[in-house]
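What follows is a single structure, written as structure tokens, with notes after it.
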Amino acid sequence: MHGLKSFYEKEVRQKLAQELGIKNPMLLPKLEKVVLSVGAGDYAKDMKVMQNIAQTLSLIAGQKAVITTAKKSVAGFKIREKMAVGVKVTLRNKVMFNFLEKLIVIALPRVKDFRGVSRNGFDGRGNYGFGLNEQLIFPEVVYDDIMVTHGLNIAIITSTNSDKEAFKLLELLGMPFAKGR
């Protein structure tokens with residue numbers, strides 16, 4: 001699975017340089033990292049479920065996920081300091097390209113009534129984020145091994161500060177954006 005990285009280096013970079021009018025190859029937008037995260041919500045108190053979520057996320061990402069803890073207590077949310085609040089994993093380089101290829105080619109087409117990911121997920125600084133409702137769309141996840149179905153957030157961090165450039169980069173990489181404006 002080294003297709004997306006070589007596709008990026010061979011074709012996407014040249015198209016980006018042409019379409020965005022960037023002469024210096026060092027200024028071309030590129031992917032820096034992909035962060036997958038799951039907020040635990042009501043399951044935060046049950047450590048077995050947290051471990052299960054971490055294992056599932058590790059399977060999906062192809063890299064070990066870490067359980068994040070609260071930095072300080074918040075009485076309104078019944079959260080104590082150092083209590084587990086979520087799970088995350090940060091992907092870079094080869095693992096990131098493998099995950100993105102799997103997401104674009106295999107997982108997203110498996111979503112029921114899928115019409116593309118929203119174009120509104122850009123943060124104004126060239127990064128794109130969106131959420132999935134359940135982890136079962138990934139082929140590695142075995143239905144019998146999971147304790148709870150949960151969604152996950154995916155943040156794609158790029159080297160550019162322009163949403164327009166980041167959108168062009170993701171579009172050329174094959175991200176299925178929804179039709180429309």
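We label chains A, B, ... in the order they appear in the structure tokens, count residues from 1 in each chain, and number ligands from 1 in the order shown.
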
Region 41-46 of chain A environment, 12 Å, only C-alpha atoms, sequence neighbours closer than 2 positions dropped, as a PyMOL selection string: chain A and resi 38-39+48-54+67-70+77-80+82-87+147-151

Would you output that residue set with N, CA, C and O atoms, as an mmCIF file, in the first residue's frame?
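Result went into again-v4.cif, see below:
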data_model
loop_
_atom_site.group_PDB
_atom_site.id
_atom_site.type_symbol
_atom_site.label_atom_id
_atom_site.label_comp_id
_atom_site.auth_asym_id
_atom_site.auth_seq_id
_atom_site.Cartn_x
_atom_site.Cartn_y
_atom_site.Cartn_z
ATOM 1 N N VAL A 38 -11.235 9.963 19.619
ATOM 2 C CA VAL A 38 -12.549 9.521 20.076
ATOM 3 C C VAL A 38 -12.759 10.113 21.462
ATOM 4 O O VAL A 38 -11.941 9.907 22.358
ATOM 5 N N GLY A 39 -13.842 10.873 21.623
ATOM 6 C CA GLY A 39 -14.200 11.365 22.946
ATOM 7 C C GLY A 39 -14.999 10.285 23.660
ATOM 8 O O GLY A 39 -15.912 9.700 23.086
ATOM 9 N N LYS A 48 -12.348 -0.751 31.041
ATOM 10 C CA LYS A 48 -12.368 -1.844 30.058
ATOM 11 C C LYS A 48 -12.841 -1.332 28.696
ATOM 12 O O LYS A 48 -12.289 -1.674 27.660
ATOM 13 N N VAL A 49 -13.886 -0.512 28.713
ATOM 14 C CA VAL A 49 -14.413 0.055 27.469
ATOM 15 C C VAL A 49 -13.378 0.986 26.850
ATOM 16 O O VAL A 49 -13.173 0.983 25.632
ATOM 17 N N MET A 50 -12.690 1.780 27.683
ATOM 18 C CA MET A 50 -11.651 2.689 27.171
ATOM 19 C C MET A 50 -10.530 1.902 26.486
ATOM 20 O O MET A 50 -10.056 2.285 25.421
ATOM 21 N N GLN A 51 -10.127 0.796 27.107
ATOM 22 C CA GLN A 51 -9.084 -0.060 26.508
ATOM 23 C C GLN A 51 -9.564 -0.609 25.170
ATOM 24 O O GLN A 51 -8.821 -0.664 24.195
ATOM 25 N N ASN A 52 -10.841 -1.002 25.131
ATOM 26 C CA ASN A 52 -11.420 -1.546 23.904
ATOM 27 C C ASN A 52 -11.441 -0.498 22.788
ATOM 28 O O ASN A 52 -11.107 -0.790 21.632
ATOM 29 N N ILE A 53 -11.820 0.736 23.143
ATOM 30 C CA ILE A 53 -11.827 1.829 22.164
ATOM 31 C C ILE A 53 -10.404 2.075 21.658
ATOM 32 O O ILE A 53 -10.177 2.260 20.461
ATOM 33 N N ALA A 54 -9.428 2.057 22.569
ATOM 34 C CA ALA A 54 -8.025 2.276 22.189
ATOM 35 C C ALA A 54 -7.548 1.169 21.245
ATOM 36 O O ALA A 54 -6.859 1.440 20.252
ATOM 37 N N ILE A 67 -4.563 6.692 25.476
ATOM 38 C CA ILE A 67 -5.737 7.166 26.204
ATOM 39 C C ILE A 67 -5.381 8.525 26.796
ATOM 40 O O ILE A 67 -4.386 8.659 27.497
ATOM 41 N N THR A 68 -6.193 9.558 26.485
ATOM 42 C CA THR A 68 -5.917 10.899 26.999
ATOM 43 C C THR A 68 -6.628 11.092 28.326
ATOM 44 O O THR A 68 -7.688 10.515 28.566
ATOM 45 N N THR A 69 -6.034 11.896 29.192
ATOM 46 C CA THR A 69 -6.596 12.114 30.516
ATOM 47 C C THR A 69 -6.905 13.597 30.726
ATOM 48 O O THR A 69 -6.327 14.458 30.065
ATOM 49 N N ALA A 70 -7.805 13.854 31.665
ATOM 50 C CA ALA A 70 -8.186 15.240 31.969
ATOM 51 C C ALA A 70 -7.037 15.939 32.684
ATOM 52 O O ALA A 70 -6.406 15.371 33.576
ATOM 53 N N PHE A 77 -18.988 18.652 34.791
ATOM 54 C CA PHE A 77 -19.002 17.467 33.916
ATOM 55 C C PHE A 77 -18.677 16.184 34.680
ATOM 56 O O PHE A 77 -18.512 15.130 34.083
ATOM 57 N N LYS A 78 -18.540 16.293 36.023
ATOM 58 C CA LYS A 78 -18.181 15.148 36.874
ATOM 59 C C LYS A 78 -16.871 14.508 36.422
ATOM 60 O O LYS A 78 -16.759 13.283 36.316
ATOM 61 N N ILE A 79 -15.890 15.348 36.129
ATOM 62 C CA ILE A 79 -14.581 14.860 35.678
ATOM 63 C C ILE A 79 -13.537 15.203 36.741
ATOM 64 O O ILE A 79 -13.482 16.325 37.227
ATOM 65 N N ARG A 80 -12.739 14.215 37.100
ATOM 66 C CA ARG A 80 -11.640 14.408 38.042
ATOM 67 C C ARG A 80 -10.340 14.504 37.262
ATOM 68 O O ARG A 80 -10.221 13.971 36.156
ATOM 69 N N LYS A 82 -6.759 13.657 35.891
ATOM 70 C CA LYS A 82 -6.133 12.397 35.463
ATOM 71 C C LYS A 82 -7.138 11.283 35.150
ATOM 72 O O LYS A 82 -6.775 10.113 35.064
ATOM 73 N N MET A 83 -8.415 11.636 34.985
ATOM 74 C CA MET A 83 -9.422 10.654 34.598
ATOM 75 C C MET A 83 -9.398 10.507 33.065
ATOM 76 O O MET A 83 -9.190 11.490 32.354
ATOM 77 N N ALA A 84 -9.584 9.299 32.563
ATOM 78 C CA ALA A 84 -9.575 9.085 31.114
ATOM 79 C C ALA A 84 -10.747 9.817 30.471
ATOM 80 O O ALA A 84 -11.869 9.722 30.943
ATOM 81 N N VAL A 85 -10.484 10.579 29.404
ATOM 82 C CA VAL A 85 -11.551 11.317 28.737
ATOM 83 C C VAL A 85 -11.655 10.995 27.250
ATOM 84 O O VAL A 85 -12.632 11.359 26.609
ATOM 85 N N GLY A 86 -10.651 10.338 26.692
ATOM 86 C CA GLY A 86 -10.708 10.037 25.263
ATOM 87 C C GLY A 86 -9.519 9.204 24.811
ATOM 88 O O GLY A 86 -8.675 8.815 25.614
ATOM 89 N N VAL A 87 -9.484 8.962 23.498
ATOM 90 C CA VAL A 87 -8.399 8.182 22.895
ATOM 91 C C VAL A 87 -7.975 8.908 21.628
ATOM 92 O O VAL A 87 -8.826 9.426 20.901
ATOM 93 N N MET A 147 -16.982 -3.495 22.165
ATOM 94 C CA MET A 147 -17.951 -3.409 23.264
ATOM 95 C C MET A 147 -19.022 -2.362 22.972
ATOM 96 O O MET A 147 -20.181 -2.560 23.296
ATOM 97 N N VAL A 148 -18.615 -1.224 22.405
ATOM 98 C CA VAL A 148 -19.558 -0.145 22.099
ATOM 99 C C VAL A 148 -19.249 0.398 20.705
ATOM 100 O O VAL A 148 -18.103 0.452 20.300
ATOM 101 N N THR A 149 -20.299 0.772 19.975
ATOM 102 C CA THR A 149 -20.051 1.447 18.707
ATOM 103 C C THR A 149 -19.859 2.927 19.025
ATOM 104 O O THR A 149 -20.612 3.510 19.810
ATOM 105 N N HIS A 150 -18.842 3.503 18.455
ATOM 106 C CA HIS A 150 -18.536 4.913 18.709
ATOM 107 C C HIS A 150 -18.092 5.552 17.408
ATOM 108 O O HIS A 150 -17.681 4.874 16.476
ATOM 109 N N GLY A 151 -18.182 6.851 17.359
ATOM 110 C CA GLY A 151 -17.708 7.575 16.186
ATOM 111 C C GLY A 151 -16.249 7.939 16.384
ATOM 112 O O GLY A 151 -15.636 7.582 17.385
#

Exercise: region 118-130 of chain A partners within 10 Å, only C-alpha atoms, chain neighbours under 2 positions left out, as an MDAnalysis selection string: chainID A and resid 29 31:36 115:116 132 152:167 170 176:181

Distance of CA of Gln55 (chain A) from CA of Val74 (chain A), expressed in Å to one decimal place: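 For CA of Val74 (chain A) relative to CA of Gln55 (chain A), the distance reads 27.1 Å.
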
Residue set, region 33-99 of chain A restricted to alpha helix (DSSP H), as an NGL selection string: :A and (47-61 or 93-99)

Kindly save the residues from that selection, with C-alpha atoms included, as a CSV table (one decimal), in the first residue's frame.
chain,number,residue,atom,x,y,z
A,47,MET,CA,-11.6,1.4,31.9
A,48,LYS,CA,-12.4,-1.8,30.1
A,49,VAL,CA,-14.4,0.1,27.5
A,50,MET,CA,-11.7,2.7,27.2
A,51,GLN,CA,-9.1,-0.1,26.5
A,52,ASN,CA,-11.4,-1.5,23.9
A,53,ILE,CA,-11.8,1.8,22.2
A,54,ALA,CA,-8.0,2.3,22.2
A,55,GLN,CA,-7.5,-1.2,20.7
A,56,THR,CA,-10.1,-0.5,18.0
A,57,LEU,CA,-8.5,2.9,17.1
A,58,SER,CA,-5.1,1.2,17.0
A,59,LEU,CA,-6.4,-1.4,14.5
A,60,ILE,CA,-7.9,1.3,12.3
A,61,ALA,CA,-4.9,3.5,12.4
A,93,ASN,CA,4.6,9.8,6.9
A,94,LYS,CA,3.9,6.3,5.5
A,95,VAL,CA,1.3,5.3,8.1
A,96,MET,CA,-0.6,8.5,7.4
A,97,PHE,CA,-0.7,7.9,3.6
A,98,ASN,CA,-1.7,4.2,4.2
A,99,PHE,CA,-4.6,5.3,6.5

Computed interatomic separation between CA of Asn24 (chain A) and CA of Leu4 (chain A) (Å): 22.4 Å

Every residue of region 10-102 of chain A that DSSP places in strand (DSSP E), as a list in words: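 The strand (DSSP E) residues within region 10-102 of chain A come out as Leu31, Glu32, Lys33, Val34, Val35, Leu36, Ser37, Val38, Gly39, Val66, Ile67, Thr68, Thr69, Ala84, Val85, Gly86, Val87, Lys88, Val89, Thr90 and Leu91 of chain A.
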
Take the residues from that selection and put them in a file with N, CA and C atoms, as a PDB file, in the first residue's frame.
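This is the output file again-v4.pdb:
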ATOM      1  N   LEU A  31       0.666  17.216   3.132  1.00  0.00           N
ATOM      2  CA  LEU A  31       0.067  16.679   4.354  1.00  0.00           C
ATOM      3  C   LEU A  31       1.142  16.598   5.427  1.00  0.00           C
ATOM      4  N   GLU A  32       0.830  17.067   6.633  1.00  0.00           N
ATOM      5  CA  GLU A  32       1.790  16.963   7.723  1.00  0.00           C
ATOM      6  C   GLU A  32       1.440  15.813   8.659  1.00  0.00           C
ATOM      7  N   LYS A  33       0.159  15.729   9.048  1.00  0.00           N
ATOM      8  CA  LYS A  33      -0.254  14.638   9.931  1.00  0.00           C
ATOM      9  C   LYS A  33      -1.751  14.453   9.869  1.00  0.00           C
ATOM     10  N   VAL A  34      -2.195  13.293  10.336  1.00  0.00           N
ATOM     11  CA  VAL A  34      -3.620  13.005  10.475  1.00  0.00           C
ATOM     12  C   VAL A  34      -3.832  12.566  11.916  1.00  0.00           C
ATOM     13  N   VAL A  35      -4.788  13.196  12.595  1.00  0.00           N
ATOM     14  CA  VAL A  35      -5.067  12.858  13.990  1.00  0.00           C
ATOM     15  C   VAL A  35      -6.456  12.235  14.072  1.00  0.00           C
ATOM     16  N   LEU A  36      -6.514  11.026  14.628  1.00  0.00           N
ATOM     17  CA  LEU A  36      -7.794  10.355  14.865  1.00  0.00           C
ATOM     18  C   LEU A  36      -8.078  10.453  16.358  1.00  0.00           C
ATOM     19  N   SER A  37      -9.297  10.837  16.719  1.00  0.00           N
ATOM     20  CA  SER A  37      -9.613  10.939  18.140  1.00  0.00           C
ATOM     21  C   SER A  37     -11.036  10.483  18.420  1.00  0.00           C
ATOM     22  N   VAL A  38     -11.235   9.963  19.619  1.00  0.00           N
ATOM     23  CA  VAL A  38     -12.549   9.521  20.076  1.00  0.00           C
ATOM     24  C   VAL A  38     -12.759  10.113  21.462  1.00  0.00           C
ATOM     25  N   GLY A  39     -13.842  10.873  21.623  1.00  0.00           N
ATOM     26  CA  GLY A  39     -14.200  11.365  22.946  1.00  0.00           C
ATOM     27  C   GLY A  39     -14.999  10.285  23.660  1.00  0.00           C
ATOM     28  N   VAL A  66      -3.280   6.253  22.163  1.00  0.00           N
ATOM     29  CA  VAL A  66      -3.077   6.536  23.581  1.00  0.00           C
ATOM     30  C   VAL A  66      -4.376   7.035  24.195  1.00  0.00           C
ATOM     31  N   ILE A  67      -4.563   6.692  25.476  1.00  0.00           N
ATOM     32  CA  ILE A  67      -5.737   7.166  26.204  1.00  0.00           C
ATOM     33  C   ILE A  67      -5.381   8.525  26.796  1.00  0.00           C
ATOM     34  N   THR A  68      -6.193   9.558  26.485  1.00  0.00           N
ATOM     35  CA  THR A  68      -5.917  10.899  26.999  1.00  0.00           C
ATOM     36  C   THR A  68      -6.628  11.092  28.326  1.00  0.00           C
ATOM     37  N   THR A  69      -6.034  11.896  29.192  1.00  0.00           N
ATOM     38  CA  THR A  69      -6.596  12.114  30.516  1.00  0.00           C
ATOM     39  C   THR A  69      -6.905  13.597  30.726  1.00  0.00           C
ATOM     40  N   ALA A  84      -9.584   9.299  32.563  1.00  0.00           N
ATOM     41  CA  ALA A  84      -9.575   9.085  31.114  1.00  0.00           C
ATOM     42  C   ALA A  84     -10.747   9.817  30.471  1.00  0.00           C
ATOM     43  N   VAL A  85     -10.484  10.579  29.404  1.00  0.00           N
ATOM     44  CA  VAL A  85     -11.551  11.317  28.737  1.00  0.00           C
ATOM     45  C   VAL A  85     -11.655  10.995  27.250  1.00  0.00           C
ATOM     46  N   GLY A  86     -10.651  10.338  26.692  1.00  0.00           N
ATOM     47  CA  GLY A  86     -10.708  10.037  25.263  1.00  0.00           C
ATOM     48  C   GLY A  86      -9.519   9.204  24.811  1.00  0.00           C
ATOM     49  N   VAL A  87      -9.484   8.962  23.498  1.00  0.00           N
ATOM     50  CA  VAL A  87      -8.399   8.182  22.895  1.00  0.00           C
ATOM     51  C   VAL A  87      -7.975   8.908  21.628  1.00  0.00           C
ATOM     52  N   LYS A  88      -6.667   8.967  21.378  1.00  0.00           N
ATOM     53  CA  LYS A  88      -6.218   9.604  20.136  1.00  0.00           C
ATOM     54  C   LYS A  88      -4.977   8.919  19.592  1.00  0.00           C
ATOM     55  N   VAL A  89      -4.749   9.128  18.294  1.00  0.00           N
ATOM     56  CA  VAL A  89      -3.528   8.632  17.659  1.00  0.00           C
ATOM     57  C   VAL A  89      -3.160   9.616  16.558  1.00  0.00           C
ATOM     58  N   THR A  90      -1.872   9.954  16.468  1.00  0.00           N
ATOM     59  CA  THR A  90      -1.377  10.885  15.453  1.00  0.00           C
ATOM     60  C   THR A  90      -0.552  10.104  14.436  1.00  0.00           C
ATOM     61  N   LEU A  91      -0.920  10.229  13.170  1.00  0.00           N
ATOM     62  CA  LEU A  91      -0.238   9.500  12.104  1.00  0.00           C
ATOM     63  C   LEU A  91       0.577  10.465  11.261  1.00  0.00           C
TER      64      LEU A  91
END

Length of the CA of Ala65 (chain A) to CA of Leu100 (chain A) vector [Å]: 16.7 Å

Polymer residues at most 12 Å from Gln14 (chain A), only C-alpha atoms, same-chain spacing of 5 or more positions, as a PyMOL selection string: chain A and resi 7-9+19-25+28-29+169+172
